[in-house]
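One file, query_38.cif, carrying mmCIF, N, CA and C atoms:
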data_work
loop_
_atom_site.label_atom_id
_atom_site.label_comp_id
_atom_site.auth_asym_id
_atom_site.auth_seq_id
_atom_site.Cartn_x
_atom_site.Cartn_y
_atom_site.Cartn_z
N MET A 89 6.72 -35.00 120.56
CA MET A 89 6.77 -35.34 119.15
C MET A 89 7.81 -34.45 118.47
N THR A 90 8.66 -35.05 117.66
CA THR A 90 9.68 -34.28 116.97
C THR A 90 9.11 -33.66 115.71
N THR A 91 9.66 -32.52 115.33
CA THR A 91 9.20 -31.87 114.12
C THR A 91 9.82 -32.55 112.91
N ALA A 92 9.11 -32.55 111.82
CA ALA A 92 9.61 -33.14 110.59
C ALA A 92 10.77 -32.32 110.06
N ARG A 93 11.79 -33.00 109.61
CA ARG A 93 12.96 -32.31 109.07
C ARG A 93 12.79 -32.14 107.57
N LEU A 94 13.36 -31.09 107.05
CA LEU A 94 13.31 -30.82 105.62
C LEU A 94 14.60 -31.30 104.97
N HIS A 95 14.50 -31.84 103.78
CA HIS A 95 15.64 -32.37 103.05
C HIS A 95 16.16 -31.33 102.05
N LEU A 96 17.46 -31.23 101.93
CA LEU A 96 18.09 -30.36 100.96
C LEU A 96 17.93 -30.99 99.58
N THR A 97 17.45 -30.21 98.60
CA THR A 97 17.25 -30.77 97.26
C THR A 97 18.58 -31.08 96.59
N ASP A 98 19.54 -30.14 96.65
CA ASP A 98 20.81 -30.36 95.97
C ASP A 98 21.87 -29.46 96.60
N SER A 99 22.97 -30.06 97.02
CA SER A 99 24.04 -29.27 97.65
C SER A 99 24.71 -28.34 96.65
N GLU A 100 24.75 -28.73 95.38
CA GLU A 100 25.35 -27.87 94.36
C GLU A 100 24.51 -26.62 94.14
N LEU A 101 23.21 -26.75 94.27
CA LEU A 101 22.33 -25.58 94.15
C LEU A 101 22.58 -24.61 95.30
N LEU A 102 22.76 -25.14 96.51
CA LEU A 102 23.08 -24.29 97.65
C LEU A 102 24.41 -23.57 97.41
N ARG A 103 25.39 -24.29 96.91
CA ARG A 103 26.70 -23.69 96.62
C ARG A 103 26.57 -22.59 95.57
N LEU A 104 25.77 -22.82 94.53
CA LEU A 104 25.55 -21.83 93.48
C LEU A 104 24.85 -20.58 94.02
N LEU A 105 23.85 -20.78 94.87
CA LEU A 105 23.15 -19.64 95.46
C LEU A 105 24.05 -18.84 96.39
N MET A 106 24.98 -19.53 97.06
CA MET A 106 25.94 -18.81 97.90
C MET A 106 26.89 -17.98 97.02
N ARG A 107 27.22 -18.51 95.86
CA ARG A 107 28.12 -17.79 94.94
C ARG A 107 27.44 -16.54 94.38
N TRP A 108 26.14 -16.62 94.11
CA TRP A 108 25.37 -15.49 93.56
C TRP A 108 24.46 -14.90 94.63
N ALA A 109 25.00 -14.62 95.77
CA ALA A 109 24.23 -14.11 96.92
C ALA A 109 23.64 -12.73 96.63
N PRO A 110 22.53 -12.40 97.27
CA PRO A 110 21.86 -11.12 97.04
C PRO A 110 22.64 -9.91 97.58
N ILE A 111 23.70 -10.13 98.35
CA ILE A 111 24.45 -8.99 98.89
C ILE A 111 25.43 -8.42 97.87
N GLY A 112 25.50 -9.04 96.69
CA GLY A 112 26.36 -8.52 95.64
C GLY A 112 27.70 -9.20 95.53
N LYS A 113 28.07 -9.99 96.49
CA LYS A 113 29.32 -10.75 96.43
C LYS A 113 29.07 -12.13 97.03
N PRO A 114 29.91 -13.11 96.71
CA PRO A 114 29.68 -14.47 97.21
C PRO A 114 29.67 -14.55 98.74
N LEU A 115 28.81 -15.43 99.25
CA LEU A 115 28.76 -15.69 100.68
C LEU A 115 29.65 -16.88 100.99
N THR A 116 30.53 -16.72 101.95
CA THR A 116 31.35 -17.84 102.40
C THR A 116 30.54 -18.65 103.40
N ILE A 117 31.05 -19.83 103.72
CA ILE A 117 30.39 -20.66 104.73
C ILE A 117 30.30 -19.91 106.05
N ARG A 118 31.38 -19.27 106.42
CA ARG A 118 31.41 -18.52 107.68
C ARG A 118 30.37 -17.38 107.69
N LYS A 119 30.31 -16.63 106.58
CA LYS A 119 29.40 -15.48 106.51
C LYS A 119 27.94 -15.94 106.53
N LEU A 120 27.61 -17.00 105.78
CA LEU A 120 26.24 -17.50 105.77
C LEU A 120 25.86 -18.02 107.16
N ALA A 121 26.79 -18.71 107.81
CA ALA A 121 26.52 -19.23 109.16
C ALA A 121 26.27 -18.09 110.14
N GLU A 122 27.08 -17.06 110.07
CA GLU A 122 26.89 -15.91 110.97
C GLU A 122 25.55 -15.24 110.73
N ARG A 123 25.25 -14.98 109.46
CA ARG A 123 24.01 -14.26 109.12
C ARG A 123 22.76 -15.08 109.44
N ALA A 124 22.84 -16.42 109.29
CA ALA A 124 21.68 -17.27 109.56
C ALA A 124 21.62 -17.69 111.03
N GLY A 125 22.69 -17.45 111.78
CA GLY A 125 22.69 -17.79 113.20
C GLY A 125 22.84 -19.27 113.47
N ILE A 126 23.59 -19.96 112.62
CA ILE A 126 23.84 -21.39 112.82
C ILE A 126 25.34 -21.64 112.74
N SER A 127 25.75 -22.87 113.01
CA SER A 127 27.18 -23.17 113.03
C SER A 127 27.74 -23.36 111.61
N LYS A 128 29.05 -23.11 111.48
CA LYS A 128 29.72 -23.32 110.21
C LYS A 128 29.70 -24.79 109.83
N SER A 129 29.81 -25.65 110.82
CA SER A 129 29.85 -27.08 110.53
C SER A 129 28.53 -27.58 109.94
N LYS A 130 27.42 -26.96 110.33
CA LYS A 130 26.12 -27.35 109.77
C LYS A 130 26.04 -26.99 108.29
N ILE A 131 26.53 -25.79 107.93
CA ILE A 131 26.55 -25.38 106.52
C ILE A 131 27.50 -26.28 105.74
N HIS A 132 28.67 -26.55 106.31
CA HIS A 132 29.64 -27.42 105.64
C HIS A 132 29.07 -28.81 105.42
N ALA A 133 28.36 -29.34 106.40
CA ALA A 133 27.76 -30.67 106.27
C ALA A 133 26.71 -30.70 105.18
N LEU A 134 25.94 -29.62 105.03
CA LEU A 134 24.96 -29.54 103.95
C LEU A 134 25.65 -29.51 102.59
N LEU A 135 26.71 -28.72 102.48
CA LEU A 135 27.42 -28.60 101.21
C LEU A 135 28.14 -29.89 100.81
N SER A 136 28.66 -30.61 101.79
CA SER A 136 29.40 -31.83 101.49
C SER A 136 28.49 -33.04 101.30
N GLY A 137 27.22 -32.93 101.68
CA GLY A 137 26.31 -34.06 101.59
C GLY A 137 26.36 -34.97 102.80
N GLU A 138 27.16 -34.59 103.78
CA GLU A 138 27.28 -35.37 105.01
C GLU A 138 25.96 -35.36 105.78
N ARG A 139 25.28 -34.23 105.76
CA ARG A 139 23.97 -34.09 106.39
C ARG A 139 23.04 -33.48 105.34
N VAL A 140 21.88 -34.08 105.15
CA VAL A 140 20.97 -33.59 104.11
C VAL A 140 19.66 -33.06 104.67
N THR A 141 19.49 -33.11 106.00
CA THR A 141 18.25 -32.62 106.59
C THR A 141 18.52 -31.52 107.61
N VAL A 142 17.56 -30.61 107.72
CA VAL A 142 17.61 -29.54 108.72
C VAL A 142 16.20 -29.33 109.25
N THR A 143 16.11 -28.62 110.37
CA THR A 143 14.79 -28.29 110.91
C THR A 143 14.16 -27.19 110.04
N PRO A 144 12.85 -27.06 110.07
CA PRO A 144 12.20 -26.01 109.28
C PRO A 144 12.71 -24.60 109.64
N GLU A 145 13.03 -24.37 110.89
CA GLU A 145 13.54 -23.05 111.31
C GLU A 145 14.88 -22.74 110.65
N ILE A 146 15.78 -23.70 110.64
CA ILE A 146 17.09 -23.49 110.01
C ILE A 146 16.92 -23.29 108.51
N ALA A 147 16.03 -24.05 107.89
CA ALA A 147 15.77 -23.90 106.46
C ALA A 147 15.26 -22.49 106.16
N ARG A 148 14.36 -21.97 107.01
CA ARG A 148 13.84 -20.61 106.81
C ARG A 148 14.96 -19.57 106.89
N ARG A 149 15.85 -19.75 107.86
CA ARG A 149 16.94 -18.78 108.04
C ARG A 149 17.91 -18.80 106.86
N ILE A 150 18.27 -20.00 106.40
CA ILE A 150 19.19 -20.10 105.26
C ILE A 150 18.55 -19.49 104.02
N CYS A 151 17.31 -19.84 103.75
CA CYS A 151 16.62 -19.32 102.56
C CYS A 151 16.40 -17.81 102.66
N GLY A 152 16.18 -17.32 103.86
CA GLY A 152 16.02 -15.87 104.05
C GLY A 152 17.30 -15.11 103.71
N GLU A 153 18.43 -15.66 104.09
CA GLU A 153 19.71 -15.01 103.79
C GLU A 153 20.05 -15.07 102.31
N LEU A 154 19.58 -16.11 101.64
CA LEU A 154 19.86 -16.25 100.21
C LEU A 154 18.75 -15.67 99.34
N SER A 155 17.71 -15.16 99.97
CA SER A 155 16.55 -14.56 99.29
C SER A 155 15.90 -15.50 98.28
N VAL A 156 15.68 -16.74 98.71
CA VAL A 156 14.97 -17.71 97.88
C VAL A 156 13.84 -18.33 98.68
N HIS A 157 12.87 -18.87 97.98
CA HIS A 157 11.75 -19.56 98.63
C HIS A 157 12.26 -20.88 99.19
N GLU A 158 11.70 -21.32 100.32
CA GLU A 158 12.13 -22.57 100.94
C GLU A 158 12.03 -23.76 100.00
N GLY A 159 11.00 -23.75 99.16
CA GLY A 159 10.80 -24.86 98.23
C GLY A 159 11.88 -24.96 97.17
N ALA A 160 12.65 -23.91 96.99
CA ALA A 160 13.74 -23.96 96.01
C ALA A 160 14.91 -24.78 96.52
N LEU A 161 15.12 -24.82 97.82
CA LEU A 161 16.26 -25.53 98.39
C LEU A 161 15.89 -26.77 99.20
N PHE A 162 14.72 -26.76 99.81
CA PHE A 162 14.35 -27.84 100.74
C PHE A 162 12.98 -28.41 100.38
N PHE A 163 12.78 -29.68 100.71
CA PHE A 163 11.48 -30.30 100.52
C PHE A 163 11.14 -31.17 101.72
N LYS A 164 9.85 -31.34 101.94
CA LYS A 164 9.38 -32.19 103.03
C LYS A 164 9.14 -33.58 102.45
N PRO A 165 9.78 -34.62 103.00
CA PRO A 165 9.62 -35.95 102.44
C PRO A 165 8.22 -36.50 102.66
N LEU A 166 7.82 -37.41 101.79
CA LEU A 166 6.53 -38.06 101.94
C LEU A 166 6.57 -39.00 103.14
N PRO A 167 5.43 -39.20 103.79
CA PRO A 167 5.41 -40.13 104.93
C PRO A 167 5.72 -41.54 104.46
N SER A 168 6.31 -42.32 105.35
CA SER A 168 6.65 -43.70 105.02
C SER A 168 5.39 -44.56 105.05
N PRO A 169 5.39 -45.68 104.32
CA PRO A 169 4.21 -46.56 104.34
C PRO A 169 3.95 -47.09 105.75
N ALA A 170 2.72 -47.50 106.01
CA ALA A 170 2.34 -48.00 107.34
C ALA A 170 3.23 -49.16 107.74
N GLY A 171 3.71 -49.10 108.96
CA GLY A 171 4.54 -50.17 109.49
C GLY A 171 6.02 -50.00 109.18
N GLU A 172 6.40 -49.11 108.30
CA GLU A 172 7.79 -48.91 107.93
C GLU A 172 8.40 -47.84 108.82
N GLY A 173 9.56 -48.09 109.35
CA GLY A 173 10.29 -47.08 110.09
C GLY A 173 9.71 -46.72 111.45
N ASN A 174 8.85 -47.56 111.99
CA ASN A 174 8.31 -47.24 113.31
C ASN A 174 9.19 -47.85 114.39
N ASP A 175 8.88 -47.57 115.63
CA ASP A 175 9.70 -48.04 116.74
C ASP A 175 9.64 -49.54 116.93
N GLU A 176 8.64 -50.18 116.37
CA GLU A 176 8.48 -51.61 116.57
C GLU A 176 9.16 -52.42 115.48
N GLY A 177 9.94 -51.82 114.64
CA GLY A 177 10.68 -52.54 113.62
C GLY A 177 9.82 -52.87 112.42
N GLU A 178 9.91 -54.11 111.96
CA GLU A 178 9.24 -54.52 110.74
C GLU A 178 7.83 -55.07 110.96
N ARG A 179 7.24 -54.80 112.09
CA ARG A 179 5.91 -55.31 112.37
C ARG A 179 4.86 -54.49 111.64
N HIS A 180 3.79 -55.16 111.25
CA HIS A 180 2.72 -54.49 110.51
C HIS A 180 1.46 -54.44 111.37
N GLU A 181 0.46 -53.73 110.86
CA GLU A 181 -0.78 -53.51 111.61
C GLU A 181 -1.44 -54.83 112.03
N HIS A 182 -1.53 -55.81 111.12
CA HIS A 182 -2.23 -57.04 111.47
C HIS A 182 -1.48 -57.81 112.55
N GLU A 183 -0.16 -57.74 112.57
CA GLU A 183 0.59 -58.42 113.61
C GLU A 183 0.35 -57.78 114.97
N ARG A 184 0.25 -56.46 115.01
CA ARG A 184 -0.03 -55.78 116.27
C ARG A 184 -1.44 -56.11 116.75
N ALA A 185 -2.39 -56.26 115.82
CA ALA A 185 -3.76 -56.59 116.20
C ALA A 185 -3.83 -57.98 116.81
N VAL A 186 -3.12 -58.93 116.25
CA VAL A 186 -3.12 -60.28 116.78
C VAL A 186 -2.47 -60.30 118.15
N ASP A 187 -1.34 -59.60 118.30
CA ASP A 187 -0.65 -59.57 119.58
C ASP A 187 -1.42 -58.83 120.66
N ALA A 188 -2.31 -57.92 120.28
CA ALA A 188 -3.04 -57.13 121.25
C ALA A 188 -3.93 -58.01 122.11
N ASP A 189 -4.52 -59.05 121.52
CA ASP A 189 -5.36 -59.96 122.28
C ASP A 189 -5.10 -61.37 121.78
N ALA A 190 -4.03 -61.97 122.28
CA ALA A 190 -3.60 -63.28 121.80
C ALA A 190 -4.60 -64.38 122.15
N ALA A 191 -5.49 -64.17 123.11
CA ALA A 191 -6.45 -65.19 123.51
C ALA A 191 -7.58 -65.33 122.48
N ARG A 192 -7.76 -64.35 121.62
CA ARG A 192 -8.82 -64.43 120.62
C ARG A 192 -8.41 -65.37 119.50
N SER A 193 -9.38 -66.12 118.98
CA SER A 193 -9.08 -67.02 117.87
C SER A 193 -9.12 -66.25 116.56
N SER A 194 -8.68 -66.89 115.49
CA SER A 194 -8.67 -66.23 114.19
C SER A 194 -10.10 -65.96 113.72
N GLN A 195 -11.07 -66.80 114.15
CA GLN A 195 -12.45 -66.56 113.76
C GLN A 195 -12.96 -65.28 114.41
N GLU A 196 -12.59 -65.03 115.66
CA GLU A 196 -13.04 -63.82 116.34
C GLU A 196 -12.42 -62.58 115.71
N LEU A 197 -11.17 -62.69 115.29
CA LEU A 197 -10.53 -61.54 114.66
C LEU A 197 -11.22 -61.18 113.35
N GLY A 198 -11.63 -62.19 112.59
CA GLY A 198 -12.28 -61.94 111.31
C GLY A 198 -13.77 -61.74 111.42
N GLY A 199 -14.36 -62.09 112.56
CA GLY A 199 -15.79 -61.91 112.75
C GLY A 199 -16.63 -63.00 112.10
N HIS A 200 -16.08 -64.21 111.85
CA HIS A 200 -16.82 -65.30 111.23
C HIS A 200 -17.62 -66.06 112.29
N ASP A 201 -18.78 -66.56 111.87
CA ASP A 201 -19.63 -67.31 112.79
C ASP A 201 -19.32 -68.79 112.78
N GLY A 202 -19.02 -69.35 111.62
CA GLY A 202 -18.84 -70.79 111.51
C GLY A 202 -17.43 -71.13 111.09
N PRO A 203 -17.25 -72.39 110.72
CA PRO A 203 -15.93 -72.82 110.29
C PRO A 203 -15.52 -72.12 109.00
N ILE A 204 -14.24 -71.95 108.84
CA ILE A 204 -13.72 -71.26 107.67
C ILE A 204 -13.31 -72.30 106.64
N GLY A 205 -13.88 -72.20 105.44
CA GLY A 205 -13.57 -73.15 104.38
C GLY A 205 -12.39 -72.68 103.55
N PRO A 206 -11.95 -73.51 102.64
CA PRO A 206 -10.82 -73.13 101.79
C PRO A 206 -11.23 -71.99 100.85
N TYR A 207 -10.26 -71.22 100.43
CA TYR A 207 -10.52 -70.10 99.52
C TYR A 207 -10.77 -70.65 98.13
N ARG A 208 -11.89 -70.20 97.53
CA ARG A 208 -12.20 -70.61 96.15
C ARG A 208 -12.49 -69.37 95.33
N ARG A 209 -11.96 -69.36 94.12
CA ARG A 209 -12.22 -68.24 93.21
C ARG A 209 -13.59 -68.41 92.58
N ARG A 210 -14.25 -67.33 92.32
CA ARG A 210 -15.52 -67.38 91.61
C ARG A 210 -15.25 -67.57 90.12
N PRO A 211 -16.14 -68.30 89.45
CA PRO A 211 -15.94 -68.52 87.99
C PRO A 211 -16.15 -67.25 87.21
#
Kindly present the structure from the file in structure tokens form.
Amino acid sequence: MTTARLHLTDSELLRLLMRWAPIGKPLTIRKLAERAGISKSKIHALLSGERVTVTPEIARRICGELSVHEGALFFKPLPSPAGEGNDEGERHEHERAVDADAARSSQELGGHDGPIGPYRRRP
């Protein structure tokens, strides 16, 4: 199972925090990459918006070097709705249930004993 990636809130905020670094002078891309132990291209991709997600470990290292809380720069996205973004494409739970046992009739799936009548609204 892959770990959830954290999303960068705003690349301009990262750039501003690099400019006002806790070491007393601005942090360059190269310096932040060296201090955090990651590649320069990863920092550049975050700043340019080319890449907006990182692993929690990388987020911790970047925030540690900038002396900010992780929540100031990164957030964990909400889970997607059921059936969205899964390996099976656009299929939903009820479709998987029907396909699981195709020999069952619709009455067996719903648990009805007799014939199914038309839907009628109550007055």
Target residues per the PyMOL selection byres (((chain A and resi 156-163 and name CA) around 7) and name CA), formatted as a list of chain:residue names: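 What the PyMOL selection byres (((chain A and resi 156-163 and name CA) around 7) and name CA) grabs from the file is A:Leu94, A:His95, A:Leu96, A:Thr97, A:Leu102, A:Ala147, A:Arg148, A:Cys151, A:Gly152, A:Leu154, A:Ser155, A:Lys164, A:Pro165.
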Ground truth for the PyMOL selection byres ((chain A and resi 117) around 8), written as number ranges by chain: A: 106, 114-116, 118-123, 127-129, 131-132
Backbone DSSP call of strand (DSSP E) for segment 132-176 of chain A, listed as a list in words: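 Answer for segment 132-176 of chain A, restricted to strand (DSSP E): Thr141, Val142, Phe162 and Phe163 of chain A.
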Could the residues in this selection be written to a file with N, CA and C atoms, as a PDB file, in the frame of the given file?
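Contents of the output file result-v1.pdb:
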ATOM      1  N   THR A 141      19.490 -33.110 106.000  1.00  0.00           N
ATOM      2  CA  THR A 141      18.250 -32.620 106.590  1.00  0.00           C
ATOM      3  C   THR A 141      18.520 -31.520 107.610  1.00  0.00           C
ATOM      4  N   VAL A 142      17.560 -30.610 107.720  1.00  0.00           N
ATOM      5  CA  VAL A 142      17.610 -29.540 108.720  1.00  0.00           C
ATOM      6  C   VAL A 142      16.200 -29.330 109.250  1.00  0.00           C
ATOM      7  N   PHE A 162      14.720 -26.760  99.810  1.00  0.00           N
ATOM      8  CA  PHE A 162      14.350 -27.840 100.740  1.00  0.00           C
ATOM      9  C   PHE A 162      12.980 -28.410 100.380  1.00  0.00           C
ATOM     10  N   PHE A 163      12.780 -29.680 100.710  1.00  0.00           N
ATOM     11  CA  PHE A 163      11.480 -30.300 100.520  1.00  0.00           C
ATOM     12  C   PHE A 163      11.140 -31.170 101.720  1.00  0.00           C
TER      13      PHE A 163
END
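Reported to one decimal place, the separation of atom CA of Leu135 of chain A from atom N of Gly112 of chain A is 20.2 Å.
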Counting only C-alpha atoms, the option among A:Glu153, A:Ile146, A:Thr91, A:Arg103 closest to Lys130 of chain A: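 That would be A:Ile146, the residue with the smallest distance to Lys130 of chain A.
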Atomic distance atom CA of Arg93 of chain A - atom C of Ser136 of chain A, expressed in Å with one decimal: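 Spanning atom CA of Arg93 of chain A to atom C of Ser136 of chain A is a straight-line distance of 17.4 Å.
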Gap from atom CA of Pro110 of chain A to atom N of Gly125 of chain A - Å, one decimal: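 It comes out at 16.1 Å.
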